[in-house]
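This is structure.txt. It holds compact mmCIF, C-alpha atoms and all ligand atoms.
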```txt
# COMPACT_ATOMS: atom_id res chain seq x y z
CA MET A 1 -25.68 -10.10 1.96
CA ILE A 2 -23.48 -8.06 4.28
CA GLN A 3 -21.83 -5.20 2.41
CA LYS A 4 -18.72 -3.23 3.28
CA PRO A 5 -19.33 -0.02 5.24
CA LYS A 6 -19.91 3.12 3.16
CA GLY A 7 -16.68 4.85 2.19
CA THR A 8 -14.47 1.76 2.50
CA LYS A 9 -13.11 -0.38 -0.30
CA ASP A 10 -11.67 -3.80 -1.02
CA VAL A 11 -8.33 -3.88 -2.80
CA LEU A 12 -8.68 -7.07 -4.81
CA PRO A 13 -5.73 -9.19 -6.06
CA ASP A 14 -6.24 -7.68 -9.55
CA GLU A 15 -5.40 -4.24 -8.19
CA ILE A 16 -2.70 -5.10 -5.70
CA ASP A 17 0.23 -4.72 -8.14
CA LEU A 18 -0.67 -1.02 -8.41
CA TRP A 19 -0.69 -0.54 -4.63
CA ASN A 20 2.57 -2.42 -4.16
CA TYR A 21 4.17 -0.48 -6.99
CA THR A 22 3.24 2.90 -5.48
CA GLU A 23 4.39 1.95 -2.00
CA ALA A 24 7.66 0.38 -3.21
CA ARG A 25 8.53 3.44 -5.33
CA ALA A 26 7.66 5.80 -2.48
CA CYS A 27 9.69 3.75 -0.01
CA ASP A 28 12.77 3.82 -2.32
CA ILE A 29 12.57 7.59 -2.70
CA PHE A 30 12.06 8.22 1.02
CA GLU A 31 15.03 6.02 1.88
CA ASN A 32 17.19 7.86 -0.69
CA TYR A 33 16.34 11.10 1.13
CA GLY A 34 17.40 9.51 4.42
CA PHE A 35 13.94 8.91 5.90
CA LYS A 36 13.08 5.78 7.93
CA GLU A 37 9.66 4.23 8.22
CA ILE A 38 7.57 4.75 11.35
CA ARG A 39 4.49 2.77 12.42
CA ILE A 40 2.16 4.17 15.03
CA PRO A 41 -1.16 2.99 16.51
CA THR A 42 -4.32 3.01 14.43
CA PHE A 43 -6.16 4.56 17.36
CA GLU A 44 -5.12 7.16 19.91
CA TYR A 45 -6.76 8.97 22.81
CA THR A 46 -9.25 11.46 21.35
CA GLU A 47 -7.59 14.36 23.16
CA LEU A 48 -4.51 14.00 20.93
CA PHE A 49 -6.47 15.01 17.84
CA GLU A 50 -8.61 17.59 19.64
CA ARG A 51 -5.47 19.38 20.79
CA GLY A 52 -3.22 18.47 17.86
CA VAL A 53 -5.41 18.83 14.79
CA GLY A 54 -7.53 21.53 16.45
CA ASP A 55 -11.06 21.50 17.84
CA THR A 56 -12.36 24.08 15.35
CA THR A 57 -11.41 21.98 12.31
CA ASP A 58 -13.91 19.95 10.25
CA VAL A 59 -11.81 16.86 10.93
CA VAL A 60 -12.28 17.13 14.71
CA GLN A 61 -15.78 18.62 14.74
CA LYS A 62 -17.44 16.37 12.19
CA GLU A 63 -15.23 13.62 10.86
CA MET A 64 -13.69 11.60 13.65
CA TYR A 65 -14.52 7.98 14.40
CA THR A 66 -14.68 8.33 18.17
CA PHE A 67 -15.93 5.81 20.71
CA ASP A 68 -15.51 4.91 24.35
CA ASP A 69 -13.56 1.69 24.90
CA LYS A 70 -14.63 -0.86 27.51
CA GLY A 71 -12.60 1.04 30.11
CA GLY A 72 -14.56 4.23 29.36
CA ARG A 73 -11.65 6.02 27.66
CA SER A 74 -12.43 8.12 24.59
CA ILE A 75 -10.62 6.62 21.63
CA THR A 76 -10.39 7.89 18.04
CA LEU A 77 -9.30 6.11 14.86
CA ARG A 78 -6.50 8.29 13.51
CA PRO A 79 -7.84 10.78 10.92
CA GLU A 80 -4.26 11.72 9.93
CA GLY A 81 -0.71 10.76 10.84
CA THR A 82 1.05 13.91 12.01
CA ALA A 83 -0.44 14.22 15.52
CA GLY A 84 0.33 10.55 16.30
CA ILE A 85 3.90 10.88 15.05
CA VAL A 86 4.45 13.98 17.18
CA ARG A 87 2.97 12.13 20.18
CA SER A 88 5.41 9.28 19.50
CA PHE A 89 8.32 11.73 19.12
CA ILE A 90 7.57 13.22 22.54
CA GLU A 91 6.67 9.99 24.33
CA ASN A 92 9.84 8.20 23.17
CA GLY A 93 12.14 11.08 24.13
CA ILE A 94 13.39 11.41 20.55
CA SER A 95 14.26 15.08 21.03
CA SER A 96 17.38 13.98 22.93
CA LYS A 97 18.55 11.92 19.91
CA PRO A 98 20.28 13.42 16.87
CA LEU A 99 17.81 15.64 15.03
CA PRO A 100 16.17 16.11 12.62
CA PHE A 101 13.94 13.09 13.00
CA LYS A 102 13.02 12.10 9.44
CA VAL A 103 10.25 9.53 9.09
CA TYR A 104 7.79 8.28 6.49
CA TYR A 105 4.65 6.17 6.61
CA ALA A 106 2.02 4.48 4.51
CA MET A 107 -1.04 3.99 6.69
CA PRO A 108 -4.83 3.90 6.57
CA MET A 109 -6.67 6.93 7.98
CA PHE A 110 -10.31 7.29 8.99
CA ARG A 111 -12.60 10.27 8.47
CA TYR A 112 -16.39 10.31 8.52
CA GLU A 113 -16.70 12.37 5.33
CA ASN A 114 -19.32 12.82 2.63
CA VAL A 115 -18.35 9.98 0.34
CA GLN A 116 -17.69 10.89 -3.29
CA LYS A 117 -15.14 10.09 -5.97
CA GLY A 118 -11.66 10.41 -4.42
CA ARG A 119 -13.07 10.89 -0.92
CA TYR A 120 -13.39 7.86 1.33
CA ARG A 121 -13.99 7.16 5.01
CA GLU A 122 -11.09 4.76 5.20
CA PHE A 123 -8.27 5.94 2.94
CA ASN A 124 -4.51 5.53 2.79
CA GLN A 125 -1.89 8.20 3.13
CA ILE A 126 1.77 8.06 2.22
CA GLY A 127 3.52 10.81 4.15
CA ALA A 128 6.77 12.15 5.53
CA GLU A 129 7.68 14.32 8.51
CA ILE A 130 10.87 16.17 9.43
CA ILE A 131 10.89 17.09 13.12
CA GLY A 132 13.60 19.23 14.68
CA THR A 133 14.69 21.88 12.20
CA ALA A 134 13.37 25.38 11.62
CA SER A 135 15.48 25.91 8.51
CA TYR A 136 13.81 26.76 5.23
CA LEU A 137 16.06 24.03 3.79
CA ALA A 138 13.85 21.39 5.42
CA ASP A 139 10.78 22.84 3.65
CA VAL A 140 12.69 22.81 0.36
CA GLU A 141 13.96 19.25 0.86
CA LEU A 142 10.47 18.04 1.74
CA ILE A 143 8.80 19.74 -1.22
CA SER A 144 11.51 18.44 -3.54
CA LEU A 145 10.89 14.95 -2.13
CA ALA A 146 7.15 15.30 -2.83
CA ASP A 147 7.93 16.57 -6.33
CA LYS A 148 10.29 13.64 -6.98
CA LEU A 149 7.70 11.14 -5.71
CA LEU A 150 5.06 12.45 -8.10
CA LYS A 151 7.52 12.55 -11.02
CA LYS A 152 8.80 9.01 -10.36
CA LEU A 153 5.20 7.83 -10.34
CA ASN A 154 4.84 9.57 -13.71
CA ILE A 155 2.11 11.85 -12.37
CA ASN A 156 2.85 14.94 -14.40
CA ASP A 157 -0.45 16.69 -14.92
CA ILE A 158 -0.12 18.43 -11.63
CA TYR A 159 0.81 21.84 -10.20
CA LEU A 160 2.19 23.04 -6.90
CA SER A 161 0.42 25.81 -4.98
CA LEU A 162 2.46 27.47 -2.27
CA ASN A 163 1.65 29.92 0.50
CA SER A 164 2.81 31.08 3.90
CA ILE A 165 0.31 31.48 6.71
CA GLY A 166 2.88 33.06 9.03
CA CYS A 167 3.45 32.51 12.71
CA PRO A 168 0.90 33.11 15.52
CA GLU A 169 2.06 36.75 15.83
CA CYS A 170 1.67 37.83 12.23
CA ARG A 171 -1.40 35.66 11.81
CA ALA A 172 -3.19 37.40 14.69
CA LYS A 173 -2.76 40.76 12.96
CA TYR A 174 -3.90 39.30 9.68
CA GLN A 175 -6.96 37.63 11.22
CA LYS A 176 -8.03 40.94 12.73
CA ALA A 177 -7.90 42.61 9.31
CA LEU A 178 -9.63 39.64 7.67
CA LYS A 179 -12.44 39.65 10.21
CA GLU A 180 -13.00 43.35 9.65
CA PHE A 181 -13.27 42.70 5.91
CA ILE A 182 -15.52 39.62 6.14
CA GLY A 183 -17.53 40.99 9.06
CA LYS A 184 -19.07 43.67 6.80
CA ASN A 185 -20.87 40.97 4.81
CA ILE A 186 -20.93 38.03 7.20
CA ASN A 187 -24.73 37.64 6.86
CA LYS A 188 -24.33 36.93 3.14
CA TYR A 189 -21.89 34.01 3.64
CA CYS A 190 -22.91 30.33 3.77
CA ASP A 191 -23.66 28.75 7.16
CA THR A 192 -20.29 26.96 7.30
CA CYS A 193 -18.44 30.24 6.79
CA LYS A 194 -20.61 31.95 9.40
CA SER A 195 -19.72 29.24 11.89
CA ARG A 196 -16.01 29.66 11.12
CA PHE A 197 -16.01 33.43 11.44
CA GLU A 198 -15.17 33.69 15.13
CA LYS A 199 -12.66 30.89 15.64
CA ASN A 200 -11.19 30.09 12.25
CA PRO A 201 -11.82 32.99 9.82
CA MET A 202 -8.99 32.02 7.47
CA ARG A 203 -10.85 28.85 6.50
CA ILE A 204 -13.53 31.13 4.97
CA LEU A 205 -11.00 31.85 2.20
CA ASP A 206 -11.03 28.14 1.42
CA CYS A 207 -14.81 27.95 0.86
CA LYS A 208 -15.81 26.50 -2.52
CA GLU A 209 -19.33 28.10 -2.55
CA LYS A 210 -19.69 30.52 -5.46
CA LYS A 211 -21.25 33.34 -3.40
CA CYS A 212 -18.58 33.08 -0.69
CA LYS A 213 -15.82 33.10 -3.30
CA GLU A 214 -17.30 36.31 -4.74
CA LEU A 215 -17.58 37.91 -1.32
CA ASN A 216 -13.93 37.00 -0.66
CA GLN A 217 -12.76 39.06 -3.65
CA GLY A 218 -10.47 41.84 -2.43
CA ALA A 219 -9.93 40.28 1.02
CA PRO A 220 -6.64 41.17 2.70
CA VAL A 221 -3.82 38.79 1.79
CA ILE A 222 -1.77 37.03 4.50
CA LEU A 223 1.48 37.57 2.61
CA ASP A 224 1.11 41.34 3.17
CA TYR A 225 1.01 40.74 6.94
CA LEU A 226 4.00 38.42 7.39
CA CYS A 227 6.53 39.49 10.00
CA ASP A 228 10.15 39.90 8.88
CA GLU A 229 11.16 36.40 9.95
CA CYS A 230 8.22 34.69 8.21
CA LYS A 231 8.76 36.83 5.11
CA GLU A 232 12.43 35.88 4.95
CA HIS A 233 11.62 32.20 5.47
CA PHE A 234 9.08 32.26 2.64
CA GLU A 235 11.44 34.11 0.29
CA ASN A 236 14.14 31.52 1.00
CA VAL A 237 11.77 28.62 0.35
CA LYS A 238 10.79 30.14 -3.00
CA LYS A 239 14.43 30.81 -3.94
CA GLY A 240 15.36 27.23 -2.98
CA LEU A 241 12.58 25.78 -5.12
CA ASP A 242 13.59 28.06 -8.02
CA TYR A 243 17.16 26.85 -7.71
CA LEU A 244 16.07 23.19 -7.75
CA GLY A 245 13.89 23.85 -10.80
CA ILE A 246 10.60 23.06 -9.02
CA SER A 247 7.82 25.22 -10.39
CA TYR A 248 5.06 26.53 -8.16
CA ALA A 249 2.43 29.24 -8.04
CA VAL A 250 1.94 31.32 -4.92
CA ASP A 251 -1.73 31.07 -3.95
CA SER A 252 -2.77 33.06 -0.89
CA SER A 253 -6.05 31.15 -0.62
CA ILE A 254 -4.21 27.96 0.45
CA VAL A 255 -4.82 27.94 4.20
CA ARG A 256 -5.18 24.16 4.88
CA GLY A 257 -7.83 22.52 7.00
CA LEU A 258 -5.78 21.54 10.05
CA ASP A 259 -4.94 24.00 12.83
CA TYR A 260 -1.31 23.14 13.40
CA TYR A 261 0.20 24.79 10.35
CA THR A 262 2.62 27.74 10.51
CA LYS A 263 4.64 29.46 7.78
CA THR A 264 4.93 27.36 4.61
CA VAL A 265 1.86 25.46 3.36
CA PHE A 266 1.56 23.71 0.01
CA GLU A 267 -0.67 21.52 -2.11
CA PHE A 268 0.04 19.52 -5.24
CA ILE A 269 -3.19 19.66 -7.23
CA SER A 270 -4.17 17.43 -10.14
CA LYS A 271 -5.10 19.31 -13.32
CA THR A 272 -6.98 16.21 -14.47
CA ASP A 273 -9.60 16.15 -11.73
CA GLY A 274 -8.87 19.15 -9.48
CA TYR A 275 -8.06 16.98 -6.45
CA THR A 276 -5.35 17.85 -3.99
CA VAL A 277 -3.17 14.79 -4.30
CA LEU A 278 -0.49 15.70 -1.77
CA ALA A 279 -0.49 18.42 0.86
CA GLY A 280 1.44 19.62 3.85
CA GLY A 281 3.36 22.37 5.51
CA ARG A 282 5.30 23.51 8.50
CA TYR A 283 3.93 22.98 12.03
CA ASP A 284 6.38 24.69 14.34
CA GLY A 285 4.02 24.86 17.33
CA LEU A 286 2.65 21.32 17.45
CA VAL A 287 5.33 19.53 19.48
CA LYS A 288 5.04 22.19 22.20
CA GLU A 289 1.24 22.21 21.97
CA LEU A 290 1.33 18.50 22.79
CA ASP A 291 3.54 19.11 25.86
CA GLY A 292 6.88 18.38 24.18
CA PRO A 293 9.93 20.63 23.92
CA ASP A 294 9.59 23.59 21.56
CA THR A 295 10.56 21.85 18.29
CA PRO A 296 9.86 23.04 14.75
CA ALA A 297 8.70 20.56 12.09
CA VAL A 298 7.43 20.20 8.54
CA GLY A 299 5.66 17.38 6.68
CA PHE A 300 3.26 16.23 3.99
CA ALA A 301 0.86 13.43 3.16
CA ALA A 302 -0.42 12.17 -0.17
CA GLY A 303 -3.72 10.35 -0.66
CA GLU A 304 -2.72 6.95 -2.02
CA GLU A 305 -6.09 6.36 -3.72
CA ARG A 306 -5.66 9.67 -5.52
CA LEU A 307 -2.06 8.88 -6.48
CA ASN A 308 -3.12 5.48 -7.80
CA SER A 309 -5.91 6.93 -9.92
CA LEU A 310 -3.36 9.15 -11.71
CA ILE A 311 -0.56 6.64 -12.34
CA PRO A 312 -0.41 5.58 -16.01
CA LYS A 313 -1.72 2.03 -16.04
CA GLU A 314 0.96 0.87 -18.51
CA ASP A 315 3.64 1.61 -15.87
CA ILE A 316 2.34 -1.03 -13.49
CA PRO A 317 4.43 -4.18 -13.66
CA SER A 318 2.33 -7.31 -13.38
CA PHE A 319 3.70 -10.54 -12.04
CA PRO A 320 2.20 -13.46 -13.96
CA LEU A 321 2.52 -16.93 -12.59
CA ASP A 322 5.78 -18.57 -13.72
CA MET A 323 4.53 -22.13 -13.99
CA TYR A 324 1.49 -24.38 -13.65
CA LEU A 325 2.05 -28.10 -13.07
CA VAL A 326 -0.73 -30.17 -14.62
CA SER A 327 -1.44 -33.53 -13.00
CA MET A 328 -2.72 -36.04 -15.63
CA ASP A 329 -4.70 -38.01 -13.10
CA GLU A 330 -5.55 -37.71 -9.44
CA LYS A 331 -3.09 -40.49 -8.59
CA PHE A 332 -0.26 -38.11 -9.60
CA ASP A 333 -1.61 -35.10 -7.70
CA ILE A 334 0.54 -35.43 -4.63
CA GLU A 335 3.78 -36.17 -6.55
CA THR A 336 3.01 -33.13 -8.69
CA MET A 337 2.59 -31.08 -5.55
CA LYS A 338 5.97 -32.32 -4.27
CA LEU A 339 7.65 -31.12 -7.49
CA ALA A 340 5.75 -27.82 -7.23
CA ASN A 341 7.08 -27.36 -3.69
CA ASP A 342 10.67 -27.98 -4.85
CA LEU A 343 10.27 -25.54 -7.73
CA ARG A 344 8.81 -22.92 -5.40
CA GLU A 345 12.33 -22.41 -4.08
CA TYR A 346 12.92 -20.52 -7.34
CA LEU A 347 9.66 -19.87 -9.16
CA ALA A 348 6.02 -18.96 -8.58
CA VAL A 349 4.20 -22.23 -9.16
CA GLN A 350 0.61 -23.43 -8.88
CA THR A 351 -0.77 -26.91 -9.24
CA ASN A 352 -4.06 -28.74 -9.05
CA ILE A 353 -5.70 -28.37 -5.65
CA SER A 354 -9.29 -28.45 -6.93
CA SER A 355 -9.60 -32.01 -8.29
CA ARG A 356 -9.89 -30.59 -11.80
CA SER A 357 -9.74 -32.80 -14.89
CA PHE A 358 -6.70 -32.60 -17.18
CA ASN A 359 -8.55 -30.37 -19.68
CA ALA A 360 -9.90 -28.11 -16.96
CA GLN A 361 -6.38 -27.69 -15.56
CA MET A 362 -5.03 -26.70 -18.99
CA LYS A 363 -7.79 -24.13 -19.40
CA TYR A 364 -7.16 -22.78 -15.90
CA ALA A 365 -3.40 -22.49 -16.56
CA ASN A 366 -4.24 -20.41 -19.62
CA LYS A 367 -6.70 -18.22 -17.77
CA ILE A 368 -4.30 -17.38 -14.98
CA ASN A 369 -1.59 -16.57 -17.53
CA ALA A 370 0.96 -19.18 -16.48
CA GLU A 371 4.13 -18.64 -18.49
CA PHE A 372 5.09 -22.35 -18.52
CA THR A 373 3.25 -25.62 -17.98
CA ILE A 374 4.54 -29.12 -17.33
CA VAL A 375 2.24 -32.13 -17.55
CA ILE A 376 2.96 -34.90 -15.03
CA GLY A 377 1.60 -38.38 -15.83
CA GLU A 378 2.55 -42.07 -16.01
CA ASP A 379 5.40 -41.60 -18.56
CA GLU A 380 6.92 -38.61 -16.81
CA ILE A 381 7.04 -40.39 -13.47
CA LYS A 382 8.35 -43.66 -15.01
CA ASN A 383 11.04 -42.02 -17.21
CA LYS A 384 11.81 -39.20 -14.80
CA LYS A 385 11.56 -36.77 -17.74
CA CYS A 386 9.09 -34.04 -18.66
CA LYS A 387 8.32 -31.43 -21.29
CA ILE A 388 8.35 -27.77 -20.35
CA LYS A 389 5.92 -25.82 -22.51
CA GLN A 390 5.98 -22.07 -22.91
CA MET A 391 2.31 -21.17 -23.24
CA GLU A 392 2.60 -18.02 -25.34
CA THR A 393 4.96 -19.39 -28.02
CA GLY A 394 3.99 -23.07 -27.83
CA LYS A 395 7.73 -23.91 -27.67
CA GLU A 396 8.55 -27.15 -25.81
CA GLU A 397 11.81 -28.42 -24.30
CA LEU A 398 12.68 -31.69 -22.60
CA SER A 399 14.00 -31.81 -19.05
CA LYS A 400 14.74 -34.28 -16.29
CA LEU A 401 11.93 -34.35 -13.75
CA ASP A 402 13.60 -32.50 -10.89
CA SER A 403 13.46 -28.86 -9.90
CA GLU A 404 17.10 -27.98 -10.64
CA SER A 405 17.07 -29.53 -14.11
CA ILE A 406 13.79 -27.78 -14.92
CA LEU A 407 15.22 -24.47 -13.77
CA ASN A 408 18.38 -24.97 -15.86
CA VAL A 409 16.39 -25.81 -18.98
CA ILE A 410 14.25 -22.71 -18.50
CA PHE A 411 17.29 -20.48 -18.23
CA GLU A 412 19.30 -22.18 -20.99
CA LYS A 413 16.62 -22.83 -23.56
CA PHE A 414 14.05 -20.12 -22.88
CA ASP A 415 16.39 -17.46 -21.54
CA ASP A 416 15.56 -14.80 -24.13
CA GLU A 417 11.85 -15.16 -23.74
CA PHE A 418 11.76 -15.68 -19.97
P1 LIG B 1 -4.73 16.52 4.57
O1 LIG B 1 -4.73 17.66 3.61
O2 LIG B 1 -5.88 16.42 5.49
O3 LIG B 1 -3.37 16.63 5.38
O4 LIG B 1 -4.60 15.16 3.78
C1 LIG B 1 -3.52 14.94 2.89
C2 LIG B 1 -4.03 14.22 1.66
O5 LIG B 1 -4.75 13.02 2.02
C3 LIG B 1 -5.05 15.01 0.84
O6 LIG B 1 -4.39 15.93 0.00
C4 LIG B 1 -5.73 13.90 0.05
O7 LIG B 1 -4.93 13.53 -1.07
C5 LIG B 1 -5.75 12.76 1.05
N1 LIG B 1 -7.07 12.67 1.71
C6 LIG B 1 -7.52 13.39 2.74
N2 LIG B 1 -8.78 13.03 3.06
C7 LIG B 1 -9.12 12.03 2.21
C8 LIG B 1 -10.28 11.21 2.02
N3 LIG B 1 -11.35 11.34 2.80
N4 LIG B 1 -10.29 10.29 1.03
C9 LIG B 1 -9.20 10.13 0.24
N5 LIG B 1 -8.07 10.87 0.36
C10 LIG B 1 -8.03 11.81 1.34
C11 LIG B 1 -3.00 15.77 6.38
O8 LIG B 1 -3.58 14.76 6.65
C12 LIG B 1 -1.73 16.19 7.07
N6 LIG B 1 -1.46 15.23 8.15
C13 LIG B 1 -0.57 16.25 6.09
C14 LIG B 1 0.70 16.67 6.77
C15 LIG B 1 1.68 15.86 7.17
N7 LIG B 1 1.00 17.90 7.12
C16 LIG B 1 2.17 17.89 7.73
N8 LIG B 1 2.59 16.66 7.78
```

For the structure just supplied, provide its representation as structure tokens.
Amino acid sequence: MIQKPKGTKDVLPDEIDLWNYTEARACDIFENYGFKEIRIPTFEYTELFERGVGDTTDVVQKEMYTFDDKGGRSITLRPEGTAGIVRSFIENGISSKPLPFKVYYAMPMFRYENVQKGRYREFNQIGAEIIGTASYLADVELISLADKLLKKLNINDIYLSLNSIGCPECRAKYQKALKEFIGKNINKYCDTCKSRFEKNPMRILDCKEKKCKELNQGAPVILDYLCDECKEHFENVKKGLDYLGISYAVDSSIVRGLDYYTKTVFEFISKTDGYTVLAGGRYDGLVKELDGPDTPAVGFAAGEERLNSLIPKEDIPSFPLDMYLVSMDEKFDIETMKLANDLREYLAVQTNISSRSFNAQMKYANKINAEFTIVIGEDEIKNKKCKIKQMETGKEELSKLDSESILNVIFEKFDDEF
């Protein structure tokens, strides 16, 4: 038997209501904040991610699905959405349109990761980007949008960690001090940290290894190195969040795993399982880095699998089948299907397409949770009348055998229950 590739999953019809629910809620909230959906290619030229996400990051060094296409070009399945959206912003000349450009997306992403609970190789992100404003207000609006999304999905056991990693100027000074501190003990760090020391020392603060965490105790803190502008920006973001009643904890160990971040970075972390459910930050240098005009931006993405695992199951609306039409005998099958087709203008209807016996059809209608059944046989066809049965209550009502009459009877006689 051929199995699905490691780290992928099937979303079966049983689970689809949950996925549709999350995406529909997210879409409503994004639209209320004035964002429009964007769709970008699933694959891009590899260079976009090498330059955009950063060639010292785990994502680029270890996790990309990269291959040469038949024309010999290096192609990569997108590991995240931000670089592609910035590419699209530049390529489509959007900087000459009214800014900020506010977009959202729900798209699959691909990373060759160590597969474990909550970590897949093909996963879905729901995200939002605001391109074209340097104001702290954009950070606050975006974080408040993320907060609203989680609250509307009833994901409450969660906290917000906030940090600023400054701009390239203040970060350079900080990295010098950090390297001096870490350099004293670099031989005692894990191999990953050692390999990050030269090019990406801040990621060492992110290491989950116990010994590295201990060695990091007392390390210089980025917030002490922020330049006046970055400091003011961060203070304003915090004040804005305070004013909107969004609680957060400043955590100077939040550095994020992608190179493009500047100033504000944040993560919403689940208390239930410790996962980062939603994360993002400002990326003021990325548009320019990718050869566009110097344009500040801020964004976030949430892991949809992680969101879905935290949504209370009782919140998920399910959509049972409205009606099953039972054909008494195969000679009525096609007339039954005609009536089903008429009713499908208004209701979700199934009928016999498996040559099942009468009894087997009744059992099937029960199993698939049909709200109503109508049996079509000799008498029904001859008299042009039928009985509509509500399966749960057993209540039956007579109707003429046409779609409009059936619909009227359902609304008039079953209205309360339906
Ligand atoms: P990220 O932190 O790499 O950021 O991913 C955002 C979220 O995607 C994570 O917090 C997590 O919930 C989910 N996620 C990441 N990797 C996996 C995986 N292998 N399996 C399941 N879920 C995963 C970004 O991707 C940035 N583009 C976010 C952003 C947008 N920053 C600015 N704008």

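Comparing A:Glu345, A:Glu378, A:Glu80, A:Asp58 by their smallest distance to ligand LIG 1 (chain B), the closest is A:Glu80 (using all atoms listed in the file).
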
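Closest approach to Gly274 of chain A among A:Asp157, A:Asp379, A:Asp315, A:Glu335 is made by A:Asp157 (distances from only C-alpha atoms).
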
Using 6 Å of padding on each side, determine the axis-aligned box around all atoms of ligand LIG 1 (chain B) present in the file and give its centre and edge lengths in Å to one decimal, as JSON.
```
{"center_x": -4.4, "center_y": 14.0, "center_z": 3.5, "size_x": 25.9, "size_y": 19.8, "size_z": 21.2}
```

Nearby residues, ligand LIG 1 (chain B), 9 Å, all atoms listed in the file, as a PDB file with C-alpha atoms, in the coordinates of the input:
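Generated output (selection-v4.pdb):
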```
ATOM      1  CA  GLY A   7     -16.680   4.850   2.190  1.00  0.00           C
ATOM      2  CA  VAL A  53      -5.410  18.830  14.790  1.00  0.00           C
ATOM      3  CA  VAL A  59     -11.810  16.860  10.930  1.00  0.00           C
ATOM      4  CA  PRO A  79      -7.840  10.780  10.920  1.00  0.00           C
ATOM      5  CA  GLU A  80      -4.260  11.720   9.930  1.00  0.00           C
ATOM      6  CA  GLY A  81      -0.710  10.760  10.840  1.00  0.00           C
ATOM      7  CA  THR A  82       1.050  13.910  12.010  1.00  0.00           C
ATOM      8  CA  ALA A  83      -0.440  14.220  15.520  1.00  0.00           C
ATOM      9  CA  MET A 109      -6.670   6.930   7.980  1.00  0.00           C
ATOM     10  CA  PHE A 110     -10.310   7.290   8.990  1.00  0.00           C
ATOM     11  CA  ARG A 111     -12.600  10.270   8.470  1.00  0.00           C
ATOM     12  CA  TYR A 112     -16.390  10.310   8.520  1.00  0.00           C
ATOM     13  CA  GLU A 113     -16.700  12.370   5.330  1.00  0.00           C
ATOM     14  CA  ASN A 114     -19.320  12.820   2.630  1.00  0.00           C
ATOM     15  CA  VAL A 115     -18.350   9.980   0.340  1.00  0.00           C
ATOM     16  CA  GLN A 116     -17.690  10.890  -3.290  1.00  0.00           C
ATOM     17  CA  LYS A 117     -15.140  10.090  -5.970  1.00  0.00           C
ATOM     18  CA  GLY A 118     -11.660  10.410  -4.420  1.00  0.00           C
ATOM     19  CA  ARG A 119     -13.070  10.890  -0.920  1.00  0.00           C
ATOM     20  CA  TYR A 120     -13.390   7.860   1.330  1.00  0.00           C
ATOM     21  CA  ARG A 121     -13.990   7.160   5.010  1.00  0.00           C
ATOM     22  CA  GLU A 122     -11.090   4.760   5.200  1.00  0.00           C
ATOM     23  CA  PHE A 123      -8.270   5.940   2.940  1.00  0.00           C
ATOM     24  CA  ASN A 124      -4.510   5.530   2.790  1.00  0.00           C
ATOM     25  CA  GLN A 125      -1.890   8.200   3.130  1.00  0.00           C
ATOM     26  CA  ILE A 126       1.770   8.060   2.220  1.00  0.00           C
ATOM     27  CA  GLY A 127       3.520  10.810   4.150  1.00  0.00           C
ATOM     28  CA  ALA A 128       6.770  12.150   5.530  1.00  0.00           C
ATOM     29  CA  GLU A 129       7.680  14.320   8.510  1.00  0.00           C
ATOM     30  CA  ILE A 130      10.870  16.170   9.430  1.00  0.00           C
ATOM     31  CA  ARG A 256      -5.180  24.160   4.880  1.00  0.00           C
ATOM     32  CA  GLY A 257      -7.830  22.520   7.000  1.00  0.00           C
ATOM     33  CA  LEU A 258      -5.780  21.540  10.050  1.00  0.00           C
ATOM     34  CA  TYR A 260      -1.310  23.140  13.400  1.00  0.00           C
ATOM     35  CA  TYR A 261       0.200  24.790  10.350  1.00  0.00           C
ATOM     36  CA  VAL A 265       1.860  25.460   3.360  1.00  0.00           C
ATOM     37  CA  GLU A 267      -0.670  21.520  -2.110  1.00  0.00           C
ATOM     38  CA  PHE A 268       0.040  19.520  -5.240  1.00  0.00           C
ATOM     39  CA  ILE A 269      -3.190  19.660  -7.230  1.00  0.00           C
ATOM     40  CA  TYR A 275      -8.060  16.980  -6.450  1.00  0.00           C
ATOM     41  CA  THR A 276      -5.350  17.850  -3.990  1.00  0.00           C
ATOM     42  CA  VAL A 277      -3.170  14.790  -4.300  1.00  0.00           C
ATOM     43  CA  LEU A 278      -0.490  15.700  -1.770  1.00  0.00           C
ATOM     44  CA  ALA A 279      -0.490  18.420   0.860  1.00  0.00           C
ATOM     45  CA  GLY A 280       1.440  19.620   3.850  1.00  0.00           C
ATOM     46  CA  GLY A 281       3.360  22.370   5.510  1.00  0.00           C
ATOM     47  CA  ARG A 282       5.300  23.510   8.500  1.00  0.00           C
ATOM     48  CA  TYR A 283       3.930  22.980  12.030  1.00  0.00           C
ATOM     49  CA  ALA A 297       8.700  20.560  12.090  1.00  0.00           C
ATOM     50  CA  VAL A 298       7.430  20.200   8.540  1.00  0.00           C
ATOM     51  CA  GLY A 299       5.660  17.380   6.680  1.00  0.00           C
ATOM     52  CA  PHE A 300       3.260  16.230   3.990  1.00  0.00           C
ATOM     53  CA  ALA A 301       0.860  13.430   3.160  1.00  0.00           C
ATOM     54  CA  ALA A 302      -0.420  12.170  -0.170  1.00  0.00           C
ATOM     55  CA  GLY A 303      -3.720  10.350  -0.660  1.00  0.00           C
ATOM     56  CA  GLU A 304      -2.720   6.950  -2.020  1.00  0.00           C
ATOM     57  CA  GLU A 305      -6.090   6.360  -3.720  1.00  0.00           C
ATOM     58  CA  ARG A 306      -5.660   9.670  -5.520  1.00  0.00           C
ATOM     59  CA  LEU A 307      -2.060   8.880  -6.480  1.00  0.00           C
TER      60      LEU A 307
END
```
